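Visitor: Supplied structure: my_file25.cif, mmCIF, C-alpha atoms and all ligand atoms.
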data_upload
#
loop_
_atom_site.label_atom_id
_atom_site.label_comp_id
_atom_site.auth_asym_id
_atom_site.auth_seq_id
_atom_site.Cartn_x
_atom_site.Cartn_y
_atom_site.Cartn_z
CA MET A 334 0.00 0.00 0.00
CA LYS A 335 0.98 3.64 -0.37
CA ALA A 336 2.32 5.79 2.45
CA VAL A 337 4.24 9.03 2.78
CA ALA A 338 7.46 8.66 4.75
CA PHE A 339 9.88 11.08 6.37
CA ALA A 340 13.15 10.51 4.51
CA GLY A 341 15.23 13.13 6.35
CA PRO A 342 15.01 16.86 7.10
CA ARG A 343 12.82 18.59 4.46
CA LYS A 344 12.26 15.30 2.63
CA MET A 345 8.95 13.49 2.50
CA GLU A 346 8.45 10.75 -0.08
CA LEU A 347 5.66 8.55 -1.37
CA ARG A 348 6.55 4.89 -0.77
CA ASP A 349 5.12 1.42 -1.06
CA ILE A 350 5.11 -0.21 2.36
CA PRO A 351 3.78 -3.60 3.50
CA GLU A 352 0.06 -3.91 4.16
CA PRO A 353 -0.51 -3.79 7.96
CA GLN A 354 -1.57 -7.09 9.53
CA PRO A 355 -3.67 -6.84 12.69
CA ALA A 356 -2.02 -8.57 15.66
CA ALA A 357 -4.20 -10.03 18.40
CA GLY A 358 -6.24 -7.22 19.97
CA GLU A 359 -5.67 -4.89 17.02
CA VAL A 360 -7.81 -3.55 14.21
CA VAL A 361 -6.80 -2.17 10.83
CA VAL A 362 -8.28 1.22 10.00
CA GLN A 363 -8.70 2.31 6.40
CA VAL A 364 -7.78 5.99 6.72
CA ALA A 365 -10.48 8.44 5.62
CA TYR A 366 -8.89 11.74 6.73
CA CYS A 367 -5.71 12.59 8.57
CA GLY A 368 -4.90 16.13 9.69
CA VAL A 369 -1.47 17.59 9.00
CA CYS A 370 -0.25 18.61 12.44
CA GLY A 371 1.95 21.61 13.14
CA SER A 372 4.30 19.31 15.03
CA ASP A 373 4.76 17.17 11.90
CA LEU A 374 5.61 20.30 9.90
CA HIS A 375 7.99 21.34 12.63
CA GLU A 376 9.74 17.97 12.55
CA PHE A 377 9.95 18.11 8.77
CA ALA A 378 11.47 21.60 8.70
CA SER A 379 13.68 21.39 11.78
CA ASP A 380 17.45 21.22 11.59
CA MET A 381 17.60 19.96 15.16
CA PRO A 382 18.44 16.26 15.66
CA SER A 383 15.09 14.46 15.58
CA MET A 384 13.81 11.24 17.15
CA ARG A 385 12.63 10.21 13.70
CA ALA A 386 15.94 10.82 11.95
CA ALA A 387 17.59 8.88 14.80
CA GLY A 388 15.30 5.93 14.12
CA VAL A 389 13.53 6.03 17.51
CA PHE A 390 10.33 6.87 15.62
CA GLN A 391 9.41 5.00 12.44
CA PRO A 392 9.13 7.15 9.27
CA VAL A 393 5.34 7.41 8.69
CA MET A 394 3.78 10.35 10.57
CA GLY A 395 0.07 11.15 10.94
CA HIS A 396 -1.76 11.02 14.28
CA GLU A 397 -4.99 13.02 13.77
CA PHE A 398 -7.23 10.65 11.89
CA THR A 399 -10.51 8.94 11.21
CA GLY A 400 -11.35 5.96 9.05
CA THR A 401 -13.31 2.76 8.80
CA ILE A 402 -12.46 -0.65 10.26
CA SER A 403 -11.07 -2.86 7.49
CA ALA A 404 -9.72 -5.87 9.41
CA LEU A 405 -10.02 -7.36 12.89
CA GLY A 406 -7.23 -9.11 14.80
CA GLU A 407 -7.76 -12.17 16.96
CA GLY A 408 -9.89 -11.63 20.03
CA VAL A 409 -11.35 -8.29 18.95
CA ASN A 410 -15.05 -8.02 19.72
CA GLY A 411 -17.48 -5.18 19.34
CA PHE A 412 -16.28 -3.82 16.00
CA SER A 413 -17.53 -4.69 12.56
CA ILE A 414 -15.92 -4.17 9.16
CA GLY A 415 -16.79 -0.79 7.66
CA GLU A 416 -17.55 0.85 11.00
CA PRO A 417 -16.41 4.52 11.18
CA VAL A 418 -13.98 5.42 13.96
CA VAL A 419 -11.67 8.16 15.18
CA VAL A 420 -8.35 6.91 16.54
CA HIS A 421 -6.73 7.95 19.81
CA PRO A 422 -3.08 8.02 18.72
CA GLY A 423 -1.73 7.69 22.25
CA GLY A 424 -3.30 4.45 23.35
CA PRO A 425 -2.22 4.65 27.02
CA CYS A 426 -1.25 1.39 28.81
CA GLY A 427 -4.07 1.49 31.37
CA GLU A 428 -1.87 -0.03 34.09
CA CYS A 429 0.56 2.60 35.35
CA TYR A 430 0.20 5.19 38.13
CA PHE A 431 -0.81 7.91 35.65
CA CYS A 432 -3.36 5.79 33.79
CA LYS A 433 -4.92 4.65 37.06
CA SER A 434 -5.19 8.22 38.31
CA GLY A 435 -6.85 9.45 35.11
CA ALA A 436 -3.82 11.36 33.77
CA VAL A 437 -3.47 9.03 30.80
CA ASN A 438 -1.71 11.76 28.81
CA LEU A 439 1.26 11.37 31.17
CA CYS A 440 1.54 7.59 30.63
CA ALA A 441 5.05 6.70 29.47
CA GLU A 442 3.91 3.49 27.76
CA GLN A 443 1.75 5.09 25.07
CA THR A 444 1.44 3.34 21.74
CA GLY A 445 2.29 6.46 19.75
CA THR A 446 0.61 5.97 16.38
CA GLY A 447 2.51 8.23 13.98
CA TYR A 448 5.56 8.12 16.26
CA ARG A 449 6.85 4.74 17.44
CA GLU A 450 4.22 3.05 15.31
CA GLN A 451 3.14 3.62 11.74
CA GLY A 452 0.95 6.68 11.34
CA ALA A 453 -1.93 7.60 9.09
CA TYR A 454 -0.18 9.28 6.17
CA ALA A 455 -0.95 5.89 4.65
CA GLU A 456 -3.86 4.00 3.15
CA ARG A 457 -4.28 1.81 6.22
CA VAL A 458 -2.90 1.57 9.74
CA ALA A 459 -3.05 -1.08 12.48
CA VAL A 460 -3.94 0.16 15.98
CA ARG A 461 -4.93 -1.44 19.28
CA ALA A 462 -8.70 -1.93 19.28
CA LYS A 463 -9.05 0.26 22.36
CA GLN A 464 -7.52 3.19 20.44
CA ALA A 465 -10.51 3.19 18.07
CA LEU A 466 -13.50 5.24 19.20
CA ARG A 467 -16.76 4.77 17.39
CA LEU A 468 -18.37 7.50 15.29
CA SER A 469 -22.14 7.41 14.87
CA ASP A 470 -21.94 7.45 11.07
CA THR A 471 -19.62 8.29 8.19
CA SER A 472 -20.93 11.86 7.84
CA SER A 473 -18.62 13.04 10.64
CA LEU A 474 -15.40 11.43 9.31
CA GLU A 475 -14.16 14.76 7.95
CA ARG A 476 -14.82 16.96 10.99
CA ALA A 477 -13.87 14.25 13.48
CA ALA A 478 -10.33 14.26 12.09
CA LEU A 479 -9.96 17.36 14.30
CA THR A 480 -10.84 15.41 17.46
CA GLU A 481 -7.20 15.12 18.51
CA PRO A 482 -6.26 18.82 18.28
CA LEU A 483 -9.62 19.83 19.82
CA GLY A 484 -8.82 17.47 22.71
CA VAL A 485 -5.50 19.29 23.09
CA ALA A 486 -7.32 22.64 23.19
CA ILE A 487 -9.91 21.52 25.77
CA HIS A 488 -7.19 20.03 27.97
CA SER A 489 -5.27 23.31 27.90
CA LEU A 490 -8.35 25.18 29.17
CA ASN A 491 -8.81 22.57 31.88
CA ARG A 492 -5.18 23.08 32.89
CA GLY A 493 -5.96 26.79 33.12
CA VAL A 494 -9.16 26.09 35.13
CA LEU A 495 -11.28 28.33 32.91
CA ARG A 496 -14.46 29.52 34.59
CA ALA A 497 -17.53 30.90 32.81
CA GLY A 498 -17.37 34.64 32.20
CA GLU A 499 -13.59 34.91 32.42
CA THR A 500 -11.53 36.88 29.94
CA VAL A 501 -9.21 34.68 27.89
CA PHE A 502 -6.19 35.85 25.94
CA ILE A 503 -5.01 33.42 23.25
CA ALA A 504 -1.57 34.05 21.76
CA GLY A 505 -1.47 32.60 18.24
CA GLY A 506 -4.22 32.08 15.66
CA GLY A 507 -3.07 28.75 14.22
CA PRO A 508 -5.19 25.59 14.51
CA ILE A 509 -4.51 25.06 18.23
CA GLY A 510 -5.17 28.73 19.05
CA LEU A 511 -8.42 28.75 17.10
CA LEU A 512 -9.61 25.43 18.53
CA THR A 513 -8.85 26.87 21.97
CA LEU A 514 -11.03 29.83 20.99
CA LEU A 515 -13.91 27.51 19.96
CA ALA A 516 -13.56 25.47 23.15
CA ALA A 517 -13.44 28.60 25.34
CA LYS A 518 -16.56 29.95 23.65
CA HIS A 519 -18.30 26.64 24.23
CA GLN A 520 -17.36 26.87 27.91
CA ASP A 521 -18.96 30.32 28.15
CA ALA A 522 -15.78 32.33 28.52
CA GLY A 523 -16.34 36.08 28.73
CA LYS A 524 -14.28 38.21 26.37
CA ILE A 525 -11.85 36.31 24.18
CA VAL A 526 -8.88 38.14 22.66
CA VAL A 527 -6.68 36.47 20.03
CA SER A 528 -3.30 37.89 19.08
CA GLU A 529 -2.02 36.92 15.66
CA PRO A 530 0.30 38.65 13.17
CA ALA A 531 -1.45 37.34 10.02
CA ALA A 532 -4.46 39.45 9.00
CA SER A 533 -6.25 36.46 7.42
CA ARG A 534 -6.03 34.54 10.69
CA ARG A 535 -7.22 37.54 12.69
CA GLU A 536 -10.26 37.74 10.40
CA LEU A 537 -10.96 34.03 10.83
CA SER A 538 -10.70 34.29 14.61
CA LEU A 539 -13.28 37.10 14.60
CA ARG A 540 -15.57 35.00 12.39
CA LEU A 541 -15.19 32.13 14.88
CA GLY A 542 -16.31 34.33 17.75
CA ALA A 543 -13.27 36.13 19.16
CA HIS A 544 -14.32 39.52 20.56
CA HIS A 545 -11.03 41.10 19.59
CA ALA A 546 -8.23 40.03 17.28
CA VAL A 547 -5.09 42.04 17.87
CA ASP A 548 -1.85 42.39 15.97
CA PRO A 549 1.04 41.61 18.34
CA ALA A 550 3.15 44.17 16.46
CA GLN A 551 1.02 46.80 18.27
CA VAL A 552 1.96 45.35 21.70
CA ALA A 553 -0.69 42.76 22.51
CA SER A 554 -0.58 43.31 26.28
CA VAL A 555 -1.33 47.05 25.95
CA GLN A 556 -4.37 46.17 23.85
CA VAL A 557 -5.51 43.47 26.30
CA ARG A 558 -5.21 45.96 29.18
CA GLU A 559 -7.29 48.48 27.21
CA ILE A 560 -9.96 45.90 26.41
CA THR A 561 -10.17 44.83 30.07
CA GLY A 562 -10.25 48.32 31.56
CA GLY A 563 -6.67 47.98 32.77
CA LEU A 564 -7.20 44.75 34.71
CA GLY A 565 -5.71 42.19 32.30
CA CYS A 566 -7.04 38.78 31.32
CA ASP A 567 -7.92 36.01 33.78
CA LEU A 568 -6.34 33.29 31.67
CA ALA A 569 -3.74 33.41 28.90
CA VAL A 570 -2.99 30.47 26.62
CA GLU A 571 0.33 30.51 24.78
CA CYS A 572 -0.17 28.62 21.49
CA VAL A 573 2.99 29.56 19.57
CA GLY A 574 6.06 28.48 21.52
CA ILE A 575 8.28 31.54 21.21
CA ALA A 576 9.56 34.08 23.75
CA ALA A 577 7.68 37.08 22.32
CA THR A 578 4.24 35.49 22.72
CA MET A 579 5.08 34.15 26.19
CA ASP A 580 6.12 37.71 27.12
CA ASP A 581 2.73 38.89 25.83
CA CYS A 582 0.92 36.27 27.91
CA LEU A 583 2.69 37.22 31.13
CA ALA A 584 2.20 40.94 30.50
CA SER A 585 -1.49 40.50 29.60
CA THR A 586 -2.52 38.45 32.64
CA ARG A 587 -4.01 40.12 35.71
CA ARG A 588 -2.56 39.61 39.18
CA GLY A 589 -3.59 36.18 40.41
CA GLY A 590 -4.27 35.01 36.85
CA ARG A 591 -3.15 31.86 35.07
CA ILE A 592 -0.95 31.25 32.04
CA VAL A 593 -1.04 27.94 30.18
CA VAL A 594 1.88 26.93 27.98
CA ALA A 595 0.50 25.01 24.98
CA GLY A 596 3.10 26.04 22.38
CA ALA A 597 6.12 23.77 21.92
CA PHE A 598 9.16 25.84 22.87
CA GLU A 599 12.32 24.93 21.01
CA HIS A 600 14.45 27.16 23.24
CA PRO A 601 14.58 27.74 27.00
CA TYR A 602 12.62 30.73 28.29
CA SER A 603 13.49 32.61 31.44
CA VAL A 604 10.85 33.82 33.87
CA ASN A 605 11.28 36.58 36.43
CA LEU A 606 10.23 34.60 39.50
CA LEU A 607 10.06 37.71 41.67
CA ASN A 608 7.42 39.04 39.29
CA LEU A 609 5.63 35.70 39.40
CA LEU A 610 5.62 35.91 43.20
CA LEU A 611 4.46 39.53 43.34
CA GLN A 612 1.70 38.96 40.81
CA GLU A 613 0.72 35.50 42.06
CA HIS A 614 0.76 34.22 38.52
CA SER A 615 0.33 30.49 37.99
CA ILE A 616 2.02 28.98 34.95
CA ALA A 617 0.86 25.52 33.88
CA GLY A 618 2.11 23.25 31.15
CA THR A 619 -0.37 21.25 29.10
CA PHE A 620 0.37 18.03 27.26
CA GLY A 621 -2.09 16.16 25.07
CA TYR A 622 -5.41 15.17 26.62
CA ALA A 623 -6.96 12.60 28.90
CA SER A 624 -10.77 12.26 28.97
CA GLU A 625 -10.87 15.33 26.70
CA PHE A 626 -10.34 13.14 23.62
CA GLU A 627 -13.76 11.50 23.94
CA GLU A 628 -15.26 14.82 24.95
CA ALA A 629 -13.85 16.40 21.78
CA ARG A 630 -15.28 13.62 19.63
CA ASP A 631 -18.72 14.08 21.19
CA LEU A 632 -18.65 17.87 20.78
CA ILE A 633 -17.71 17.54 17.11
CA VAL A 634 -20.13 14.73 16.27
CA SER A 635 -23.07 16.43 18.01
CA GLY A 636 -22.30 19.71 16.27
CA ALA A 637 -21.88 21.52 19.62
CA ILE A 638 -18.52 22.73 18.29
CA ASP A 639 -18.26 23.33 14.56
CA VAL A 640 -14.65 22.84 13.52
CA SER A 641 -15.34 22.86 9.77
CA PRO A 642 -14.27 26.52 9.20
CA LEU A 643 -10.77 25.39 10.18
CA ILE A 644 -10.52 22.82 7.40
CA SER A 645 -8.76 24.63 4.55
CA ARG A 646 -8.29 21.92 1.95
CA PHE A 647 -7.74 18.25 1.17
CA VAL A 648 -4.69 16.61 -0.37
CA SER A 649 -3.93 13.10 -1.66
CA LEU A 650 -0.95 11.06 -0.45
CA HIS A 651 0.63 11.80 -3.80
CA ASP A 652 0.43 15.56 -3.18
CA LEU A 653 1.37 15.42 0.50
CA PRO A 654 5.15 15.90 0.03
CA SER A 655 4.55 19.13 -1.90
CA ALA A 656 1.91 20.21 0.64
CA PHE A 657 4.60 19.90 3.35
CA GLU A 658 6.80 22.25 1.29
CA GLU A 659 3.97 24.76 0.82
CA LEU A 660 2.83 24.66 4.43
CA THR A 661 6.31 25.26 5.80
CA ALA A 662 7.10 27.96 3.22
CA ASP A 663 3.99 29.93 4.23
CA ARG A 664 2.58 28.95 7.60
CA ASN A 665 -0.32 31.38 7.31
CA ARG A 666 -1.62 30.06 4.04
CA ASP A 667 -3.84 27.34 5.49
CA GLN A 668 -5.40 26.31 8.76
CA LYS A 669 -5.99 22.55 8.91
CA VAL A 670 -5.09 20.53 5.82
CA LEU A 671 -6.57 17.03 5.68
CA VAL A 672 -4.94 14.17 3.82
CA ALA A 673 -7.40 11.79 2.15
CA PRO A 674 -5.23 8.71 1.45
CA ASN A 675 -8.01 6.74 -0.20
CA GLY A 676 -9.31 9.47 -2.50
ZN ZN B 701 -1.09 16.88 16.42
ZN ZN B 702 -0.05 4.06 31.56
#
Reformat the file's structure so that it appears as structure tokens.
Guide:
Amino acid sequence: MKAVAFAGPRKMELRDIPEPQPAAGEVVVQVAYCGVCGSDLHEFASDMPSMRAAGVFQPVMGHEFTGTISALGEGVNGFSIGEPVVVHPGGPCGECYFCKSGAVNLCAEQTGTGYREQGAYAERVAVRAKQALRLSDTSSLERAALTEPLGVAIHSLNRGVLRAGETVFIAGGGPIGLLTLLAAKHQDAGKIVVSEPAASRRELSLRLGAHHAVDPAQVASVQVREITGGLGCDLAVECVGIAATMDDCLASTRRGGRIVVAGAFEHPYSVNLLNLLLQEHSIAGTFGYASEFEEARDLIVSGAIDVSPLISRFVSLHDLPSAFEELTADRNRDQKVLVAPNG
């Protein structure tokens, strides 16, 4: 079958790889849609030594996907061929301290579809049966491909303990920033301010319900202070992973407020701890999702959160290598691009 493989920095190639065979307890999913994740683009474009180049991760990425069951391994009950599913790429072990306490995102024994195990930039992929979550019908296959990043967004708000009516500042209008916006709206946040340098993304964030979309070139924190009558936001979510936006988050947050770090920082960032103390700021990291994955699926399938405005376009496996080039050459060109490996 066809798959797109990482062949080294800035090199993705279409390959023929062996058809996946379901081991006991596994199912094979025929991939309907797989989202291109910012972290995949980052890995592709990075000059830093990568886990994939080092061979720790296998070469086929793709962890945000839906599809239909196409084969059942021994001992798998409760699924039938053709059934639509969304796949949890982590597949936590269920046995360790973290799994037993509900923090499955912190499990060190995750399956890692698209990382240690073959991902969904391929026609089919074998996963543990418990990674597959049912979808009510095939009509949600497209939208439900955003379950994984929406789960990330909801978890970040949970880490920030968002309460109804609170002002939220979101730094970055990429897919994670905008999904955080949709999730915050759904949780009845008060004012939501998005900072984003690209005008097209500012417009989209306003269309999706942001009350203000500010250009960080005009000093985001000054604008947030103006919008909040000088107080500052209750919660800031950093969705970029660079020093400038983290500075904006700290400077925009009121005394006693919370800052959640959702962006993947490539470089260390220093924090003035005296300031943190004086302002009683709480900074929380956020990693993946626990129960939020199922919650995200339900919100998408029921239509409670409409993620479809974030889907920019569809590409085939054949066109995926060039899409990686385009997406890294101009990061503002698209929001979520979905790969449709089976046409
Ligand atoms: Zn992702
Ligand atoms: Zn575990």
Visitor: Nearest residue to ligand ZN 701 (chain B) out of A:Pro351, A:Gly562, A:Pro549, A:Gly445, using all atoms listed in the file?
Guide: A:Gly445
Visitor: Using only C-alpha atoms, which residues sit within 10 Å of His614 of chain A once same-chain residues fewer than 6 positions away are excluded, as number ranges by chain?
Guide: A: 568, 583, 586-592, 606, 608
Visitor: Tell me which of A:Leu466, A:Ile638, A:Ala340, A:Ala595 sits closest to ligand ZN 701 (chain B), counting all atoms listed in the file.
Guide: A:Ala595
Visitor: Using only C-alpha atoms, which protein or nucleic acid residues come within 12 Å of His519 of chain A? Drop anything in the same chain fewer than 6 positions from it, and give the result as number ranges by chain.
Guide: A: 483, 486-487, 490, 495-498, 512-513, 525, 541-543, 629, 632-633, 636-640
Visitor: Please, could you write that set of residues out with C-alpha atoms as a CSV table (one decimal), in the frame of the given file?
Guide:
chain,number,residue,atom,x,y,z
A,483,LEU,CA,-9.6,19.8,19.8
A,486,ALA,CA,-7.3,22.6,23.2
A,487,ILE,CA,-9.9,21.5,25.8
A,490,LEU,CA,-8.4,25.2,29.2
A,495,LEU,CA,-11.3,28.3,32.9
A,496,ARG,CA,-14.5,29.5,34.6
A,497,ALA,CA,-17.5,30.9,32.8
A,498,GLY,CA,-17.4,34.6,32.2
A,512,LEU,CA,-9.6,25.4,18.5
A,513,THR,CA,-8.8,26.9,22.0
A,525,ILE,CA,-11.8,36.3,24.2
A,541,LEU,CA,-15.2,32.1,14.9
A,542,GLY,CA,-16.3,34.3,17.8
A,543,ALA,CA,-13.3,36.1,19.2
A,629,ALA,CA,-13.8,16.4,21.8
A,632,LEU,CA,-18.6,17.9,20.8
A,633,ILE,CA,-17.7,17.5,17.1
A,636,GLY,CA,-22.3,19.7,16.3
A,637,ALA,CA,-21.9,21.5,19.6
A,638,ILE,CA,-18.5,22.7,18.3
A,639,ASP,CA,-18.3,23.3,14.6
A,640,VAL,CA,-14.6,22.8,13.5
Visitor: Please determine, counting all atoms listed in the file, which residue among A:Thr480, A:Gln391, A:Thr401, A:Ser379 has the shortest atom-to-atom distance to ligand ZN 701 (chain B).
Guide: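 Going through A:Thr480, A:Gln391, A:Thr401, A:Ser379 one by one, the smallest distance to ligand ZN 701 (chain B) is for A:Thr480.
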Visitor: Using 12 Å as the limit and counting only C-alpha atoms and all ligand atoms, can you tabulate each residue of chain A that touches ligand ZN 701 (chain B), with its shortest atom-to-atom distance in Å and the two atoms involved, as a Markdown table?
Guide:
| residue | atom | partner | partner_atom | distance |
| --- | --- | --- | --- | --- |
| A:Cys367 | CA | B:ZN701 | ZN | 10.1 |
| A:Gly368 | CA | B:ZN701 | ZN | 7.8 |
| A:Val369 | CA | B:ZN701 | ZN | 7.5 |
| A:Cys370 | CA | B:ZN701 | ZN | 4.4 |
| A:Gly371 | CA | B:ZN701 | ZN | 6.5 |
| A:Ser372 | CA | B:ZN701 | ZN | 6.1 |
| A:Asp373 | CA | B:ZN701 | ZN | 7.4 |
| A:Leu374 | CA | B:ZN701 | ZN | 10.0 |
| A:His375 | CA | B:ZN701 | ZN | 10.8 |
| A:Glu376 | CA | B:ZN701 | ZN | 11.6 |
| A:Met394 | CA | B:ZN701 | ZN | 10.0 |
| A:Gly395 | CA | B:ZN701 | ZN | 8.0 |
| A:His396 | CA | B:ZN701 | ZN | 6.3 |
| A:Glu397 | CA | B:ZN701 | ZN | 6.1 |
| A:Phe398 | CA | B:ZN701 | ZN | 9.9 |
| A:His421 | CA | B:ZN701 | ZN | 11.1 |
| A:Pro422 | CA | B:ZN701 | ZN | 9.4 |
| A:Gly423 | CA | B:ZN701 | ZN | 10.9 |
| A:Gly445 | CA | B:ZN701 | ZN | 11.4 |
| A:Thr446 | CA | B:ZN701 | ZN | 11.0 |
| A:Gly447 | CA | B:ZN701 | ZN | 9.7 |
| A:Tyr448 | CA | B:ZN701 | ZN | 11.0 |
| A:Gly452 | CA | B:ZN701 | ZN | 11.6 |
| A:Ala453 | CA | B:ZN701 | ZN | 11.9 |
| A:Ala478 | CA | B:ZN701 | ZN | 10.5 |
| A:Leu479 | CA | B:ZN701 | ZN | 9.1 |
| A:Thr480 | CA | B:ZN701 | ZN | 9.9 |
| A:Glu481 | CA | B:ZN701 | ZN | 6.7 |
| A:Pro482 | CA | B:ZN701 | ZN | 5.8 |
| A:Leu483 | CA | B:ZN701 | ZN | 9.6 |
| A:Gly484 | CA | B:ZN701 | ZN | 10.0 |
| A:Val485 | CA | B:ZN701 | ZN | 8.4 |
| A:Ala486 | CA | B:ZN701 | ZN | 10.9 |
| A:Pro508 | CA | B:ZN701 | ZN | 9.8 |
| A:Ile509 | CA | B:ZN701 | ZN | 9.0 |
| A:Ala595 | CA | B:ZN701 | ZN | 11.9 |
| A:Gly596 | CA | B:ZN701 | ZN | 11.7 |
| A:Ala597 | CA | B:ZN701 | ZN | 11.4 |
| A:Phe620 | CA | B:ZN701 | ZN | 11.0 |
| A:Gly621 | CA | B:ZN701 | ZN | 8.7 |
| A:Tyr622 | CA | B:ZN701 | ZN | 11.2 |
| A:Lys669 | CA | B:ZN701 | ZN | 10.6 |
| A:Val670 | CA | B:ZN701 | ZN | 11.9 |
Visitor: Find, counting all atoms listed in the file, the residue in A:Gly505, A:Gly411, A:Pro425, A:Gly523 that gets nearest to ligand ZN 702 (chain B).
Guide: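 Among the listed residues, A:Pro425 lies closest to ligand ZN 702 (chain B).
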Visitor: Looking at A:Ser434, A:Asp652, A:Ile503, A:Asn665, which one is nearest to Ala532 of chain A, with distances taken over all atoms listed in the file?
Guide: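 Selected residue with least distance to Ala532 of chain A: A:Asn665.
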Visitor: Edge lengths and centre in Å to one decimal, as AutoDock Vina command-line options, is what I'm after for the box along x, y and z that holds all listed atoms of segment 629-645 of chain A once 8 Å is added on each side.
Guide:
--center_x -15.9 --center_y 20.1 --center_z 13.2 --size_x 30.3 --size_y 28.9 --size_z 33.2
Visitor: List every protein, DNA or RNA residue that has an atom no more than 10 Å from (-18.0, -1.0, 12.3) in the file's coordinate frame, counting all atoms listed in the file, and report them as a PDB file with C-alpha atoms, in the frame of the given file.
Guide:
ATOM      1  CA  THR A 401     -13.310   2.760   8.800  1.00  0.00           C
ATOM      2  CA  ILE A 402     -12.460  -0.650  10.260  1.00  0.00           C
ATOM      3  CA  SER A 403     -11.070  -2.860   7.490  1.00  0.00           C
ATOM      4  CA  GLY A 411     -17.480  -5.180  19.340  1.00  0.00           C
ATOM      5  CA  PHE A 412     -16.280  -3.820  16.000  1.00  0.00           C
ATOM      6  CA  SER A 413     -17.530  -4.690  12.560  1.00  0.00           C
ATOM      7  CA  ILE A 414     -15.920  -4.170   9.160  1.00  0.00           C
ATOM      8  CA  GLY A 415     -16.790  -0.790   7.660  1.00  0.00           C
ATOM      9  CA  GLU A 416     -17.550   0.850  11.000  1.00  0.00           C
ATOM     10  CA  PRO A 417     -16.410   4.520  11.180  1.00  0.00           C
ATOM     11  CA  VAL A 418     -13.980   5.420  13.960  1.00  0.00           C
ATOM     12  CA  ARG A 467     -16.760   4.770  17.390  1.00  0.00           C
ATOM     13  CA  LEU A 468     -18.370   7.500  15.290  1.00  0.00           C
ATOM     14  CA  SER A 469     -22.140   7.410  14.870  1.00  0.00           C
ATOM     15  CA  ASP A 470     -21.940   7.450  11.070  1.00  0.00           C
TER      16      ASP A 470
END
Visitor: Find the residues with any atom within 9 Å of (-11.4, -5.9, 15.7); use all atoms listed in the file and the coordinates as given in the file, and write the answer as an NGL selection string.
Guide: :A and (355 or 357-361 or 402-414 or 461-462)
Visitor: Could I get the residue neighbourhood of ligand ZN 702 (chain B) at 12 Å, counting all atoms listed in the file, as a ChimeraX atom specification?
Guide: /A:423-444,623
Visitor: Which polymer residues have any atom within 9 Å of an atom of Ala576 of chain A, counting only C-alpha atoms, with same-chain residues fewer than 5 positions away left out, as an mmCIF file with C-alpha atoms, keeping the file's coordinate frame?
Guide:
data_model
loop_
_atom_site.group_PDB
_atom_site.id
_atom_site.type_symbol
_atom_site.label_atom_id
_atom_site.label_comp_id
_atom_site.auth_asym_id
_atom_site.auth_seq_id
_atom_site.Cartn_x
_atom_site.Cartn_y
_atom_site.Cartn_z
ATOM 1 C CA ASP A 581 2.730 38.890 25.830
ATOM 2 C CA PHE A 598 9.160 25.840 22.870
ATOM 3 C CA HIS A 600 14.450 27.160 23.240
ATOM 4 C CA PRO A 601 14.580 27.740 27.000
ATOM 5 C CA TYR A 602 12.620 30.730 28.290
ATOM 6 C CA SER A 603 13.490 32.610 31.440
#
Visitor: Would you please work out which residue, of A:Leu643, A:Leu607, A:Ala386, A:Val557, is nearest to Leu511 of chain A when using only C-alpha atoms?
Guide: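 Looking at the shortest contact to Leu511 of chain A, the residue is A:Leu643.
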